[in-house]
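Structure file start.pdb with PDB, C-alpha atoms:
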ATOM      1  CA  MET A1394      97.266 -96.844  25.076
ATOM      2  CA  GLU A1395      96.021 -96.300  28.628
ATOM      3  CA  ASN A1396      93.344 -93.780  29.251
ATOM      4  CA  PRO A1397      94.897 -90.527  30.571
ATOM      5  CA  ALA A1398      92.218 -90.260  33.234
ATOM      6  CA  VAL A1399      93.116 -93.711  34.565
ATOM      7  CA  THR A1400      96.798 -92.870  34.513
ATOM      8  CA  ASN A1401      96.143 -89.677  36.428
ATOM      9  CA  ALA A1402      93.998 -91.514  38.967
ATOM     10  CA  LYS A1403      96.703 -94.163  39.506
ATOM     11  CA  TRP A1404      99.292 -91.453  40.067
ATOM     12  CA  TRP A1405      97.196 -89.746  42.696
ATOM     13  CA  ALA A1406      96.370 -93.082  44.316
ATOM     14  CA  ASP A1407     100.068 -93.963  44.543
ATOM     15  CA  PHE A1408     100.839 -90.483  45.850
ATOM     16  CA  TRP A1409      98.300 -90.582  48.652
ATOM     17  CA  GLU A1410      99.191 -94.181  49.505
ATOM     18  CA  THR A1411     102.801 -93.081  49.854
ATOM     19  CA  ILE A1412     101.711 -90.166  52.022
ATOM     20  CA  GLU A1413      99.632 -92.561  54.137
ATOM     21  CA  ASN A1414     102.552 -94.963  54.526
ATOM     22  CA  TRP A1415     104.919 -92.168  55.494
ATOM     23  CA  ALA A1416     102.349 -90.763  57.886
ATOM     24  CA  PHE A1417     101.942 -94.172  59.501
ATOM     25  CA  PHE A1418     105.706 -94.511  59.690
ATOM     26  CA  GLY A1419     105.859 -91.047  61.230
ATOM     27  CA  VAL A1420     103.293 -92.023  63.863
ATOM     28  CA  VAL A1421     105.215 -95.191  64.680
ATOM     29  CA  LEU A1422     108.470 -93.249  64.826
ATOM     30  CA  THR A1423     106.891 -90.604  67.055
ATOM     31  CA  LEU A1424     105.555 -93.246  69.433
ATOM     32  CA  ALA A1425     108.921 -94.973  69.492
ATOM     33  CA  VAL A1426     110.744 -91.718  70.207
ATOM     34  CA  GLU A1427     108.224 -90.846  72.910
ATOM     35  CA  PHE A1428     108.642 -94.270  74.513
ATOM     36  CA  VAL A1429     112.429 -94.002  74.460
ATOM     37  CA  ALA A1430     112.271 -90.427  75.770
ATOM     38  CA  VAL A1431     109.989 -91.448  78.638
ATOM     39  CA  GLN A1432     112.345 -94.251  79.591
ATOM     40  CA  LEU A1433     115.425 -92.053  79.331
ATOM     41  CA  LEU A1434     113.787 -89.254  81.354
ATOM     42  CA  LYS A1435     112.889 -91.492  84.289
ATOM     43  CA  SER A1436     116.340 -91.375  85.853
ATOM     44  CA  PRO A1437     116.909 -87.583  85.463
ATOM     45  CA  ARG A1438     113.381 -86.864  86.675
ATOM     46  CA  ARG A1439     113.926 -89.115  89.681
ATOM     47  CA  VAL A1440     117.127 -87.237  90.495
ATOM     48  CA  ILE A1441     115.361 -83.883  90.099
ATOM     49  CA  ASP A1442     112.365 -85.012  92.186
ATOM     50  CA  ASP A1443     114.621 -86.414  94.918
ATOM     51  CA  ALA A1444     116.637 -83.191  94.977
ATOM     52  CA  ARG A1445     113.443 -81.127  95.138
ATOM     53  CA  GLN A1446     112.038 -83.247  97.976
ATOM     54  CA  LEU A1447     115.324 -82.992  99.865
ATOM     55  CA  GLU A1448     115.368 -79.227  99.376
ATOM     56  CA  ILE A1449     111.788 -78.949 100.659
ATOM     57  CA  ALA A1450     112.623 -81.141 103.657
ATOM     58  CA  GLU A1451     115.709 -79.044 104.420
ATOM     59  CA  LEU A1452     113.684 -75.827 104.194
ATOM     60  CA  ASN A1453     111.044 -77.283 106.514
ATOM     61  CA  ASN A1454     113.716 -78.400 108.966
ATOM     62  CA  SER A1455     115.427 -75.015 108.795
ATOM     63  CA  ALA A1456     112.130 -73.312 109.585
ATOM     64  CA  GLU A1457     111.521 -75.745 112.444
ATOM     65  CA  ARG A1458     115.021 -75.148 113.825
ATOM     66  CA  LEU A1459     114.479 -71.386 113.686
ATOM     67  CA  ARG A1460     111.212 -71.760 115.582
ATOM     68  CA  GLY A1461     113.000 -73.920 118.154
ATOM     69  CA  ASP A1462     115.853 -71.409 118.435
ATOM     70  CA  ASN A1463     113.413 -68.544 118.986
ATOM     71  CA  LEU A1464     111.487 -70.530 121.585
ATOM     72  CA  ALA A1465     114.686 -71.472 123.451
ATOM     73  CA  LEU A1466     115.842 -67.852 123.481
ATOM     74  CA  GLN A1467     112.440 -66.547 124.578
ATOM     75  CA  THR A1468     112.291 -69.165 127.342
ATOM     76  CA  VAL A1469     115.694 -68.319 128.834
ATOM     77  CA  LEU A1470     114.769 -64.624 128.911
ATOM     78  CA  LEU A1471     111.669 -65.337 130.996
ATOM     79  CA  PRO A1472     111.818 -65.361 134.807
ATOM     80  CA  ARG A1473     112.582 -68.828 136.184
ATOM     81  CA  HIS A1474     110.262 -70.516 138.663
ATOM     82  CA  ALA A1475     110.225 -73.595 140.884
ATOM     83  CA  GLY A1476     106.567 -74.344 140.183
ATOM     84  CA  ILE A1477     105.204 -73.648 143.666
ATOM     85  CA  ILE A1478     102.011 -72.068 142.275
ATOM     86  CA  GLY A1479      99.456 -73.964 140.205
ATOM     87  CA  ILE A1480      96.741 -72.182 138.227
ATOM     88  CA  ASP A1481      93.623 -74.349 137.904
ATOM     89  CA  GLN A1482      95.812 -77.390 138.558
ATOM     90  CA  ALA A1483      98.213 -78.873 141.078
ATOM     91  CA  ALA A1484     101.443 -76.947 141.549
ATOM     92  CA  PRO A1485     104.141 -78.263 139.149
ATOM     93  CA  ALA A1486     106.496 -78.513 142.138
ATOM     94  CA  ASP A1487     104.446 -81.488 143.363
ATOM     95  CA  LYS A1488     105.803 -83.435 140.395
ATOM     96  CA  TRP A1489     109.157 -81.733 139.956
ATOM     97  CA  PHE A1490     110.257 -82.117 143.582
ATOM     98  CA  ALA A1491     108.779 -85.582 144.062
ATOM     99  CA  GLY A1492     111.280 -87.733 145.953
ATOM    100  CA  THR A1493     113.007 -84.922 147.812
ATOM    101  CA  GLU A1494     110.701 -85.570 150.776
ATOM    102  CA  ASN A1495     112.710 -88.756 151.348
ATOM    103  CA  PHE A1496     115.479 -86.513 152.665
ATOM    104  CA  ALA A1497     113.398 -84.444 155.068
ATOM    105  CA  GLY A1498     115.592 -82.953 157.778
ATOM    106  CA  THR A1499     118.473 -82.273 155.373
ATOM    107  CA  GLU A1500     119.894 -78.785 155.698
ATOM    108  CA  ILE A1501     120.419 -76.836 152.486
ATOM    109  CA  SER A1502     122.497 -73.658 152.312
ATOM    110  CA  LEU A1503     121.611 -71.291 149.468
ATOM    111  CA  GLN A1504     123.983 -68.638 148.155
ATOM    112  CA  VAL A1505     122.557 -66.290 145.531
ATOM    113  CA  VAL A1506     124.124 -63.856 143.102
ATOM    114  CA  ALA A1507     123.061 -60.227 143.468
ATOM    115  CA  ASP A1508     120.165 -60.463 141.018
ATOM    116  CA  ALA A1509     116.461 -59.974 141.768
ATOM    117  CA  GLU A1510     115.285 -62.743 139.439
ATOM    118  CA  ALA A1511     117.814 -65.212 140.887
ATOM    119  CA  GLN A1512     116.799 -64.272 144.438
ATOM    120  CA  ASN A1513     113.139 -64.899 143.632
ATOM    121  CA  LEU A1514     114.005 -68.311 142.165
ATOM    122  CA  ALA A1515     116.043 -69.182 145.267
ATOM    123  CA  ASN A1516     113.108 -68.177 147.478
ATOM    124  CA  GLU A1517     110.788 -70.473 145.519
ATOM    125  CA  ILE A1518     113.233 -73.401 145.698
ATOM    126  CA  ALA A1519     113.598 -72.881 149.450
ATOM    127  CA  PHE A1520     109.806 -72.779 149.827
ATOM    128  CA  ALA A1521     109.378 -76.022 147.852
ATOM    129  CA  LEU A1522     112.024 -77.790 149.947
ATOM    130  CA  ARG A1523     110.699 -76.511 153.286
ATOM    131  CA  ALA A1524     107.308 -77.913 152.303
ATOM    132  CA  ARG A1525     109.041 -81.297 152.034
ATOM    133  CA  GLY A1526     110.786 -81.132 155.378
ATOM    134  CA  TRP A1527     114.171 -79.661 154.430
ATOM    135  CA  LYS A1528     115.884 -77.070 156.602
ATOM    136  CA  THR A1529     116.804 -74.026 154.536
ATOM    137  CA  ARG A1530     119.146 -71.139 155.224
ATOM    138  CA  PHE A1531     120.456 -68.328 153.058
ATOM    139  CA  ILE A1532     124.156 -67.607 153.296
ATOM    140  CA  ASP A1533     126.659 -65.239 151.717
ATOM    141  CA  GLU A1534     130.396 -65.003 151.166
ATOM    142  CA  LYS A1535     130.978 -64.452 154.876
ATOM    143  CA  THR A1536     129.986 -68.086 155.395
ATOM    144  CA  THR A1537     131.378 -69.619 152.209
ATOM    145  CA  ASN A1538     134.476 -67.450 151.685
ATOM    146  CA  PHE A1539     133.337 -67.497 148.045
ATOM    147  CA  LEU A1540     132.404 -64.270 146.298
ATOM    148  CA  SER A1541     128.747 -64.270 145.278
ATOM    149  CA  ALA A1542     129.698 -62.292 142.178
ATOM    150  CA  ARG A1543     131.633 -65.365 140.967
ATOM    151  CA  ILE A1544     128.599 -67.651 141.021
ATOM    152  CA  MET A1545     128.103 -69.100 137.552
ATOM    153  CA  ASP A1546     124.888 -68.563 135.608
ATOM    154  CA  GLY A1547     122.235 -71.187 136.282
ATOM    155  CA  VAL A1548     122.149 -73.393 139.383
ATOM    156  CA  GLN A1549     124.845 -75.633 140.874
ATOM    157  CA  VAL A1550     124.228 -78.331 143.477
ATOM    158  CA  SER A1551     127.029 -79.706 145.643
ATOM    159  CA  TYR A1552     127.695 -81.489 148.914
ATOM    160  CA  PRO A1553     130.759 -81.847 151.165
ATOM    161  CA  ILE A1554     132.914 -84.930 150.688
ATOM    162  CA  GLY A1555     134.087 -86.805 153.770
ATOM    163  CA  LYS A1556     135.901 -90.059 154.350
ATOM    164  CA  THR A1557     135.836 -92.737 151.664
ATOM    165  CA  TRP A1558     133.446 -95.628 152.276
ATOM    166  CA  THR A1559     134.891 -98.536 154.233
ATOM    167  CA  PRO A1560     133.252-101.068 156.535
ATOM    168  CA  ASP A1561     134.233 -98.749 159.394
ATOM    169  CA  THR A1562     132.951 -95.541 157.744
ATOM    170  CA  GLN A1563     129.778 -96.795 156.081
ATOM    171  CA  ASN A1564     127.637 -94.458 158.174
ATOM    172  CA  GLU A1565     129.382 -91.247 157.144
ATOM    173  CA  PRO A1566     126.718 -88.476 157.001
ATOM    174  CA  TRP A1567     127.940 -87.188 153.645
ATOM    175  CA  PHE A1568     126.659 -90.358 151.958
ATOM    176  CA  ILE A1569     123.117 -89.191 152.742
ATOM    177  CA  TRP A1570     123.940 -85.610 151.745
ATOM    178  CA  ALA A1571     125.134 -86.870 148.359
ATOM    179  CA  LYS A1572     121.851 -88.712 147.791
ATOM    180  CA  ALA A1573     119.872 -85.658 148.885
ATOM    181  CA  ALA A1574     121.895 -83.438 146.538
ATOM    182  CA  ASN A1575     121.281 -85.791 143.618
ATOM    183  CA  SER A1576     117.568 -85.803 144.403
ATOM    184  CA  LEU A1577     117.564 -82.004 144.363
ATOM    185  CA  ALA A1578     119.534 -81.923 141.088
ATOM    186  CA  THR A1579     116.904 -84.174 139.515
ATOM    187  CA  ALA A1580     114.136 -81.872 140.766
ATOM    188  CA  LEU A1581     115.817 -78.780 139.326
ATOM    189  CA  THR A1582     116.308 -80.558 136.000
ATOM    190  CA  ARG A1583     112.589 -81.388 135.935
ATOM    191  CA  ALA A1584     111.923 -77.706 136.596
ATOM    192  CA  ASN A1585     113.753 -76.927 133.327
ATOM    193  CA  LEU A1586     116.490 -74.995 135.106
ATOM    194  CA  ALA A1587     119.280 -76.740 133.191
ATOM    195  CA  PRO A1588     120.442 -74.693 130.188
ATOM    196  CA  GLY A1589     121.091 -76.236 126.818
ATOM    197  CA  GLY A1590     118.922 -79.307 127.236
ATOM    198  CA  ARG A1591     121.349 -80.916 129.663
ATOM    199  CA  GLU A1592     120.797 -82.345 133.125
ATOM    200  CA  ILE A1593     121.859 -80.752 136.384
ATOM    201  CA  SER A1594     124.309 -82.961 138.256
ATOM    202  CA  ALA A1595     125.352 -82.718 141.884
ATOM    203  CA  TYR A1596     129.067 -82.825 142.633
ATOM    204  CA  GLY A1597     131.225 -83.395 145.679
ATOM    205  CA  LEU A1598     132.884 -80.403 147.311
ATOM    206  CA  ARG A1599     136.177 -80.672 149.179
ATOM    207  CA  ASN A1600     136.182 -78.177 152.011
ATOM    208  CA  GLU A1601     139.803 -77.105 151.726
ATOM    209  CA  GLN A1602     141.190 -73.834 153.022
ATOM    210  CA  GLN A1603     142.423 -71.573 150.271
ATOM    211  CA  SER A1604     145.986 -70.448 149.932
ATOM    212  CA  VAL A1605     146.985 -66.820 150.298
ATOM    213  CA  GLY A1606     145.961 -64.779 147.265
ATOM    214  CA  THR A1607     143.146 -67.098 146.165
ATOM    215  CA  TYR A1608     140.452 -65.935 148.577
ATOM    216  CA  GLY A1609     136.990 -65.963 147.081
ATOM    217  CA  LEU A1610     137.803 -68.317 144.199
ATOM    218  CA  SER A1611     136.260 -71.469 145.698
ATOM    219  CA  PRO A1612     133.988 -72.192 148.685
ATOM    220  CA  TYR A1613     135.475 -72.894 152.082
ATOM    221  CA  PHE A1614     133.188 -73.382 155.076
ATOM    222  CA  ASP A1615     134.388 -72.777 158.616
ATOM    223  CA  PRO A1616     132.762 -74.424 160.491
ATOM    224  CA  PRO A1617     132.459 -77.198 157.864
ATOM    225  CA  LEU A1618     129.307 -77.453 155.793
ATOM    226  CA  GLU A1619     126.725 -80.045 156.790
ATOM    227  CA  GLY A1620     124.087 -80.848 154.199
ATOM    228  CA  VAL A1621     123.611 -79.577 150.656
ATOM    229  CA  TYR A1622     124.998 -76.395 149.092
ATOM    230  CA  LEU A1623     123.056 -74.654 146.309
ATOM    231  CA  GLN A1624     124.389 -71.766 144.251
ATOM    232  CA  VAL A1625     121.778 -69.778 142.334
ATOM    233  CA  GLY A1626     123.172 -67.615 139.550
ATOM    234  CA  ALA A1627     121.615 -65.388 136.930
ATOM    235  CA  ARG A1628     119.681 -66.712 133.951
ATOM    236  CA  PRO A1629     122.073 -68.665 131.681
ATOM    237  CA  VAL A1630     121.486 -66.478 128.624
ATOM    238  CA  ALA A1631     125.036 -66.624 127.227
ATOM    239  CA  GLU A1632     125.230 -70.410 127.604
ATOM    240  CA  THR A1633     121.845 -70.821 125.928
ATOM    241  CA  ILE A1634     122.895 -68.643 122.983
ATOM    242  CA  GLU A1635     126.056 -70.716 122.562
ATOM    243  CA  TRP A1636     123.937 -73.890 122.719
ATOM    244  CA  ILE A1637     121.669 -72.484 119.993
ATOM    245  CA  LYS A1638     124.707 -71.697 117.819
ATOM    246  CA  ARG A1639     125.795 -75.332 118.131
ATOM    247  CA  GLY A1640     122.399 -76.486 116.844
ATOM    248  CA  ARG A1641     120.731 -77.162 120.226
ATOM    249  CA  PRO A1642     122.233 -80.651 120.710
ATOM    250  CA  ASP A1643     120.614 -82.857 123.330
ATOM    251  CA  SER A1644     122.482 -84.538 126.183
ATOM    252  CA  LEU A1645     123.768 -87.169 123.715
ATOM    253  CA  GLY A1646     124.994 -84.589 121.223
ATOM    254  CA  ASN A1647     122.189 -85.202 118.714
ATOM    255  CA  ILE A1648     121.071 -82.099 116.823
ATOM    256  CA  PRO A1649     117.288 -81.952 116.237
ATOM    257  CA  GLY A1650     116.129 -81.814 112.624
ATOM    258  CA  LEU A1651     119.591 -82.473 111.180
ATOM    259  CA  LEU A1652     119.329 -84.091 107.751
ATOM    260  CA  SER A1653     122.092 -86.033 106.088
ATOM    261  CA  LYS A1654     122.179 -85.897 102.311
ATOM    262  CA  PRO A1655     122.045 -89.272 100.543
ATOM    263  CA  PRO A1656     125.150 -90.296  98.606
ATOM    264  CA  PRO A1657     125.092 -89.357  94.885
TER     265      PRO A1657
END

Please lay out the structure from this file as structure tokens.
Amino acid sequence: MENPAVTNAKWWADFWETIENWAFFGVVLTLAVEFVAVQLLKSPRRVIDDARQLEIAELNNSAERLRGDNLALQTVLLPRHAGIIGIDQAAPADKWFAGTENFAGTEISLQVVADAEAQNLANEIAFALRARGWKTRFIDEKTTNFLSARIMDGVQVSYPIGKTWTPDTQNEPWFIWAKAANSLATALTRANLAPGGREISAYGLRNEQQSVGTYGLSPYFDPPLEGVYLQVGARPVAETIEWIKRGRPDSLGNIPGLLSKPPP
């Protein structure tokens, strides 16, 4: 008969060995579960991280767009200038109006809406052009038969259209006026006078007499206009606000800071 003490010792040895085996199995099982969990969590975590990064990027872009919107609105509310004064540097007009001196001698007729800020801008533009050899004159509806109150916000550059180019009419004076007008439009665009991030373009003007009942709706010069015609309206606040509402697209229609969400 086996000694009771030995029997008791064997029982406890078997018991603790079983506990040890189960503990080892538990450790292995825990490690296996942890490994599987880590692998299974990679995809959801990646989705969550990507979504979080996209959300952060969208918030940053929204903040940047708001800053841009505020800056655009603040800018359009400021008085406009043609850059004829430089503080501790050359006058910006030297760069903005570069090239217009090639059309020295061109006459420009300026019609201005009844607005003090617009009149000051027109004076500065006239000064910049006179410094480059242009002949400037201020006119009103008595000359243009066009009501000054109907001048659109911003600035519009035009020139009279004459005969179409042919070998016999290749020296028509309006060909030069068109080039001068385009040069001026480029200068005014450089001066940031175009609302909504677009460019100012010169356009041809047909000097046609208006029918009865339409007086004041479009310009008509008698005697005919010779040179370039510039309309200076009020600050284009309404157009700028509408441009901001559309996301401030550039001349190609691209909206700054616009993010496209990746496909799921």

Quick one, how far is CA of Gly1419 in chain A from CA of Asp1407 in chain A? 17.9 Å

Step by step, gather every atom of range 1476-1482 of chain A that the file lists, find the box along x, y and z that holds them, add 4 Å on each side, and finally give centre and edge lengths in Å to one decimal, as JSON.
{"center_x": 100.1, "center_y": -74.7, "center_z": 140.8, "size_x": 20.9, "size_y": 13.3, "size_z": 13.8}

For a quick check of understanding, using only C-alpha atoms, which of A:Arg1591, A:Lys1488, A:Arg1599, A:Lys1528 has the smallest distance to Tyr1552 in chain A?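 So, comparing all the options, the nearest one is A:Arg1599.
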
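For the atom pair formed by CA of Phe1520 in chain A and CA of Thr1579 in chain A, the distance is 16.9 Å, given to one decimal.
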
For Asp1508 in chain A: contacts at 12 Å, all atoms listed in the file, fewer than 6 positions along chain excluded, given as JSON, numbers by chain: {"A": [1472, 1514, 1515, 1541, 1542, 1544, 1546, 1547, 1625, 1626, 1627, 1628]}

Which residue gives the smallest distance to Arg1543 in chain A among A:Val1505, A:Ile1412, A:Ala1587, A:Ala1486, with all atoms listed in the file counted? A:Val1505

Would you work out the distance separating CA of Ser1611 in chain A from CA of Gln1512 in chain A, expressed in Å to one decimal?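 Between CA of Ser1611 in chain A and CA of Gln1512 in chain A the gap works out to 20.8 Å.
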
To verify the selection step, state as a list in words which residues the PyMOL selection byres ((chain A and resi 1569) around 12) yields on this input.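 Selection result, ordered by chain and number: Asn1495, Phe1496, Ala1497, Gly1498, Thr1499, Glu1500, Tyr1552, Pro1553, Ile1554, Gly1555, Gln1563, Asn1564, Glu1565, Pro1566, Trp1567, Phe1568, Trp1570, Ala1571, Lys1572, Ala1573, Ala1574, Asn1575, Ser1576, Glu1619, Gly1620 and Val1621 of chain A.
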
Taking all atoms listed in the file into account, name the residue in A:Gly1597, A:Gly1476, A:Pro1485, A:Pro1616 that is nearest to Glu1517 in chain A.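 Of A:Gly1597, A:Gly1476, A:Pro1485, A:Pro1616, the one nearest Glu1517 in chain A, counting all atoms listed in the file, is A:Gly1476.
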
Going by the chain IDs and residue numbers used in this file, which residues fall under the PyMOL selection byres ((chain A and resi 1612) around 7)? Write them as a ChimeraX atom specification. /A:1537-1539,1611,1613-1614
